[in-house]
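Participant: Dumping the structure here so I can ask a few things about it.
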Amino acid sequence: MTAEFQIKQGLNIPMEGAPGDSFRSVKTKGTVSVYPAEYKKVKFKMLVAEGDAVKQGGVLARRKDQEDFLLRSPVGGTVKEIILGARRSLQEIVIEPNGSDDRETFSAYTADKLLNTSREALLAHLKDTGFMALVRERPFNVIANADHTPKSIFVNGMNTAPFRPDAHLLVRGKEAELQAGLNALTRLTDGPVHLCLASEKSSESDALTQASNVQINYFAGPHPSGNTSTHIHFLDPILPGDFVWTLRVSDVLRIGELLLTGRIPNSQTLMIAGNGVKEDQRGYLTVTTGTPLAEALDGALIEGETRVIRGDALYGEAADPKAGVCFYDQGYVVLPEDRERHLLGWYAPTTEIFSAHRVVPSAWVKGKRFSFGTNKRGSDRAMVLTGIYDKYVPLDIMVDPLSRACIANDTDEAIALGILETDPEDFALCTFVCPSKTDFGSIVADTLSLIQEEGF
Amino acid sequence: MNKDLKETIEKKHKEIEPLFEKGGKFEKFYPLFEAQDTFALTPPDVTKGFTHVRDAVDLKRVMFTVVIALLPCLLWGMFNAGHQYYHYSGIEAGPIAAMFRGMWIVMPIVMTSYIVGGLWEVTFAVVRKHEINEGFLVTGLLFPLTLPPTIALWQVAVGISFGGVIGKEVFGGTGFNILNPALTARAYLFFAHAKDMTGDVWAKSIDGKTGATPLGLGASYGGDGVNVMERLSDTGYSFGAIFGGLIPGSIGETSVIAILLGAAILIVSGVGSWKIMVGGVAGLVVTAIFMNFLPTQGGIDPETGNIIQYTTWSQIPFVYHLVMGSFLFGIVFMATDPVSAAQTSAGKWIYGALIGVVTVLVRVTNPGFPEGVMLAILFMNVMAPIIDHYVVKAHIAKRNAYLRKFSYAKG
């Protein structure tokens, strides 16, 4: 069963620095870290102390609210340091690897056996290994709650944002893991598992387009046609009280590997792209989870001040240069920090700096790729222009009234206007094009967490 | 050379910046420093938050594009002011002389508006500790263009003060105002100094000549059993003359060609809403045609004693309504102010159309106000949030219907 959707609203940002299709791997030399802080609002209780030895896959911590949800070590070695943050929240667990092969093993499945495994057994397995964290839940885009039964599961195999990894490349050589992961997902919901792919692709993996037991959907059109919210809106929109679980193809591959091998996959494949990366280094990188970024990106970055973004240039988190590869990471976009000032730049008729607005001459230049830095290109102003944002949101959402409801903390109005269907990343293009430099993503994010706290 | 200049400016700014920063001598005037600093060079700020790249556009560029769109109206306004001056003074003068005379008349008005309006903007920026907003660049030019060239400079100063402070700042500044500030300023002068704002403004300054605008003429004869169309053509206000714009009127509104040039700039650059403009013209045309079907006015011919039918204000063809007075200027430059207009797409159509409707209603049914567009826009500024409210309500209903389809499908 397949469905096809043509998305009209949106914008493909013609950004320089797209990733190539080369794969290489980096060996970890020093310590690796586990970052409990990356799970945002989740609190953990430490189960090891500094100096303890852990096996690969050994338990490090557990969730305070769910005793069977564990955090495990990607490598075997000694716990070197436990770093706490404000109010003794667990920030980072540093492990000195000892290179031993001693590891925890878990039950292994075959792809066919997974189709007959019970939902409870699979959920228990995912929580026990910590891989449940890869399954996200909407609304609110949080770690899926195993007590909720999702009405459907969405797997995102698209990369319209600048830049995200190409699922077709990731799947090469991991076809079995993909199908095993998808089979497992079918057991977690009573509804369908939707695999969402781009209509047009340069590289194509049959494992994706011929995947079985799932519904394959094709989306065409500009970004954000590849955002999960877009897929959900057109296939199975979220009503108040509904739950939908979401994953990326890279997550399904890791879950598949876990289930097939019976051991914790300790490496991640990461996309490295953007202007801040040397041209020949843009591509894919396999590295041990928790490796410091300085090591993983050693020699790949250009000279000068750069910003490493977990996620893509439109929506991602600026990484602390001292941090390492997080469990959720599937790629980094590196951009030069651009603090250059331009003489009379506010009205100079530029064709070098990209704009989507016809008032800037560069908007009339077609087919050109632009170099991007992190410059804000203006100062904060009150919102003045209206009606420009709806062109960039394919969901049935009116951005102006929704953002105003959010700013006024009117959660009832925001829910009526459809905020539960959205994720802050859906508004990244609105932030990008706003002449008043309004950050719509954080406006929506604040209201979503307010609704999450208050209930609805 | 460009690079050298840039480096010199950057160095100079770095030198004087400490004076304006916290603890500096002129700490209070930081908004002034910031304004000239970011005018000369784009700010060095980098993005924060989760969206790391931004579009090249900023509000300075958007606002200045409106100023550029107003330039044809300003230039024509100067030329026409000079032309009218010589015409009513009975002096023969060529177009170049008219242009210079017009500049002499109009520039002080524009300068007064900018200086006084700018002072208020800076004062509020300093007191409220926010950056100077580029909105006053537009307001400061829009307002003088709605004034007759014979206006006194102190009236300009009082008007722009009222518009800037009561029309905008009391609501919280640019982006928070309910009414268009330039139009608020004009409305203030219109009601407080009505004699200097409408009708025979040239006649006042030059003895013995009448300088009534076509709208003024039409309105003053509207109900008196005089054939309005005959009256207009008798006084030289043919359609072509009104379209061309060499007639008395407010500075910026007389030339239809200049306004259409401005409209083209706004629409092509995407800064002004074409929906409001098209909606406004459609509303005006439909209402004017509807008015044409109203019964004509009967009266007794004083010479023959027979009962005859007069063409009144309501029988004027819609093309006259389009080009007479400030309707086009208002719908292109005033109604499209995004802050005071409706914000939703459907709302913009309704808002624009109703401005057209109300303009004709005021012109035709209320001879006390010859120009309806100013009141129509101000009235619709107030109504815009209500329009948006119902558009959003309809949107929510449509959304819910879409969502329900999926819950039914699942049973």
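Identifiers in the structure tokens: chain A, B, ... in order shown; residue index from 1 per chain; ligand index from 1 in order shown.
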Would you kindly return, as number ranges by chain, each protein, DNA or RNA residue with an atom no farther than 10 Å from any atom of Ile242 (chain B), considering only C-alpha atoms and excluding same-chain residues fewer than 6 positions away?
Facilitator: B: 213-214, 236, 248, 254-256, 320, 323-325
Participant: I'd like to know which residues of region 52-290 of chain A are helix (DSSP H, G or I) (by DSSP, run on the backbone); could you write them as a ChimeraX atom specification?
Facilitator: /A:86-88,111-114,119-129,131-134,167-171,175-186,206-209,228-235,249-261,279-281
Participant: Any idea what the distance is between CA of Ala144 (chain A) and CA of Asn217 (chain A)?
Facilitator: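 Answer for the CA of Ala144 (chain A) to CA of Asn217 (chain A) separation: 22.8 Å.
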Participant: Measuring atom to atom with only C-alpha atoms, identify which of B:Val46, B:Ala81, B:Met63, B:Leu284 is nearest to Leu246 (chain B).
Facilitator: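 Result for the nearest residue to Leu246 (chain B): B:Ala81.
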Participant: Residues near region 195-210 of chain A, anyone? I mean within 8 Å using only C-alpha atoms, not counting same-chain ones fewer than 5 positions away, as an NGL selection string.
Facilitator: :A and (4 or 154-158 or 168-169 or 171-172 or 175 or 178-179 or 215-220 or 226 or 231)
Participant: Write out as CSV a residue-level contact list of chain B versus chain A with cut-off 7 Å: for each qualifying residue the closest pair of atoms and the distance in Å to one decimal, counting only C-alpha atoms, rows sorted by chain and residue number upward.
Facilitator:
```
residue,atom,partner,partner_atom,distance
B:Lys6,CA,A:Leu343,CA,5.9
B:Phe39,CA,A:Leu344,CA,6.3
B:Ala40,CA,A:Leu344,CA,5.1
B:Leu41,CA,A:Leu343,CA,4.5
B:Thr42,CA,A:Arg341,CA,5.1
B:Pro43,CA,A:Arg341,CA,6.1
B:Pro44,CA,A:Arg339,CA,4.5
B:Asp45,CA,A:Lys376,CA,5.8
B:Val46,CA,A:Asn375,CA,4.3
B:Thr47,CA,A:Lys376,CA,5.0
B:Phe50,CA,A:Tyr315,CA,5.1
B:Thr51,CA,A:Leu314,CA,4.7
B:His52,CA,A:Ala313,CA,5.4
B:Val53,CA,A:Thr374,CA,5.3
B:Arg54,CA,A:Phe432,CA,4.6
B:Asp55,CA,A:Ser355,CA,4.9
B:Ala56,CA,A:Ser355,CA,5.1
B:Val57,CA,A:Pro435,CA,5.5
B:Asp58,CA,A:Pro435,CA,4.2
B:Leu59,CA,A:Pro435,CA,5.2
B:Lys60,CA,A:Trp346,CA,6.3
B:Arg61,CA,A:Tyr347,CA,5.6
B:Thr174,CA,A:Ala382,CA,6.9
B:Gly175,CA,A:Val384,CA,5.4
B:Ser269,CA,A:Val359,CA,4.4
B:Gly270,CA,A:Arg358,CA,6.1
B:Pro338,CA,A:Leu385,CA,5.6
B:Val339,CA,A:Val384,CA,5.6
B:Gln343,CA,A:Thr386,CA,5.5
B:Thr344,CA,A:Gly387,CA,6.1
B:Ser345,CA,A:Gly387,CA,6.4
B:Ile396,CA,A:Leu417,CA,6.1
B:Arg399,CA,A:Asp396,CA,6.8
B:Leu403,CA,A:Pro237,CA,6.5
B:Phe406,CA,A:Asp236,CA,6.7
```
Participant: Could you state the separation of CA of Glu50 (chain A) and CA of Phe69 (chain A) in Å, given to one decimal place?
Facilitator: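 Distance between the two atoms: 21.4 Å.
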Participant: Please report, as an mmCIF file with N, CA and C atoms, in the first residue's frame, each residue of region 167-362 of chain B to which DSSP assigns strand (DSSP E or B) when run on this structure's backbone.
Facilitator:
```cif
data_model
loop_
_atom_site.group_PDB
_atom_site.id
_atom_site.type_symbol
_atom_site.label_atom_id
_atom_site.label_comp_id
_atom_site.auth_asym_id
_atom_site.auth_seq_id
_atom_site.Cartn_x
_atom_site.Cartn_y
_atom_site.Cartn_z
ATOM 1 N N GLN B 297 -32.056 62.781 -8.364
ATOM 2 C CA GLN B 297 -32.780 63.757 -7.585
ATOM 3 C C GLN B 297 -33.652 64.613 -8.501
ATOM 4 N N GLY B 298 -34.903 64.785 -8.125
ATOM 5 C CA GLY B 298 -35.786 65.632 -8.918
ATOM 6 C C GLY B 298 -35.725 67.068 -8.410
ATOM 7 N N GLY B 299 -36.082 68.012 -9.268
ATOM 8 C CA GLY B 299 -36.099 69.396 -8.823
ATOM 9 C C GLY B 299 -36.867 70.227 -9.847
ATOM 10 N N ILE B 300 -37.053 71.484 -9.549
ATOM 11 C CA ILE B 300 -37.763 72.355 -10.486
ATOM 12 C C ILE B 300 -36.765 73.298 -11.136
ATOM 13 N N ILE B 307 -40.367 70.125 -13.957
ATOM 14 C CA ILE B 307 -39.663 69.188 -13.076
ATOM 15 C C ILE B 307 -38.593 68.474 -13.884
ATOM 16 N N ILE B 308 -37.374 68.526 -13.415
ATOM 17 C CA ILE B 308 -36.283 67.832 -14.123
ATOM 18 C C ILE B 308 -35.512 66.938 -13.151
ATOM 19 N N GLN B 309 -34.671 66.044 -13.721
ATOM 20 C CA GLN B 309 -33.858 65.126 -12.913
ATOM 21 C C GLN B 309 -32.401 65.573 -12.953
ATOM 22 N N TYR B 310 -31.795 65.685 -11.816
ATOM 23 C CA TYR B 310 -30.379 66.060 -11.752
ATOM 24 C C TYR B 310 -29.508 64.831 -11.556
#
```
Participant: Contacts of Trp120 (chain B) at 12 Å or less, counting only C-alpha atoms, minus same-chain residues fewer than 6 places along, as a list in words?
Facilitator: Ser113, Tyr114, Val126, Val127, Arg128, Ile132, Asn133, Phe136, Gly140, Ala157, Val158, Ile160, Ser161, Phe162, Gly163, Gly164, Val165, Ile166, Lys168, Glu169, Val170 and Gly173 of chain B
Participant: Ranking A:Ile302, A:Cys326, A:Tyr109, A:Leu285 by minimum distance to Leu122 (chain A) and counting only C-alpha atoms, which one comes first?
Facilitator: A:Tyr109
Participant: Skip Glu120 (chain A) itself and residues of its chain fewer than 5 positions away, then list as a list in words all residues within 9 Å of it, counting only C-alpha atoms.
Facilitator: His125, Ala146 and Leu188 of chain A
Participant: Considering only C-alpha atoms, return as a list in words whatever protein or nucleic-acid residues lie within 8 Å of Phe333 (chain B), sequence-local ones (same chain, fewer than 4 positions apart) excluded.
Facilitator: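 Skipping anything fewer than 4 positions along the chain leaves Leu142, Ala263, Gly272, Phe329 and Asp337 of chain B.
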Participant: Would you write out those residues with C-alpha atoms, as an mmCIF file, in the first residue's frame?
Facilitator:
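Contents of out_29.cif, freshly written:
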```cif
data_model
loop_
_atom_site.group_PDB
_atom_site.id
_atom_site.type_symbol
_atom_site.label_atom_id
_atom_site.label_comp_id
_atom_site.auth_asym_id
_atom_site.auth_seq_id
_atom_site.Cartn_x
_atom_site.Cartn_y
_atom_site.Cartn_z
ATOM 1 C CA LEU B 142 3.375 59.438 4.398
ATOM 2 C CA ALA B 263 1.841 50.306 -6.032
ATOM 3 C CA GLY B 272 2.547 45.751 0.273
ATOM 4 C CA PHE B 329 -3.211 56.833 -2.369
ATOM 5 C CA ASP B 337 0.172 49.186 6.673
#
```
Participant: Can you pull out every residue within 10 Å of Trp274 (chain B), counting only C-alpha atoms, but drop anything in the same chain fewer than 2 positions away, and send it as a list in words?
Facilitator: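 With the cut-off at 10 Å, the set is Ala263, Ala264, Leu266, Ile267, Val268, Gly270, Val271, Gly272, Ile276, Met277, Val278, Gly279, Gly280, Ile331, Val332, Thr336, Lys348, Trp349 and Gly352 of chain B.
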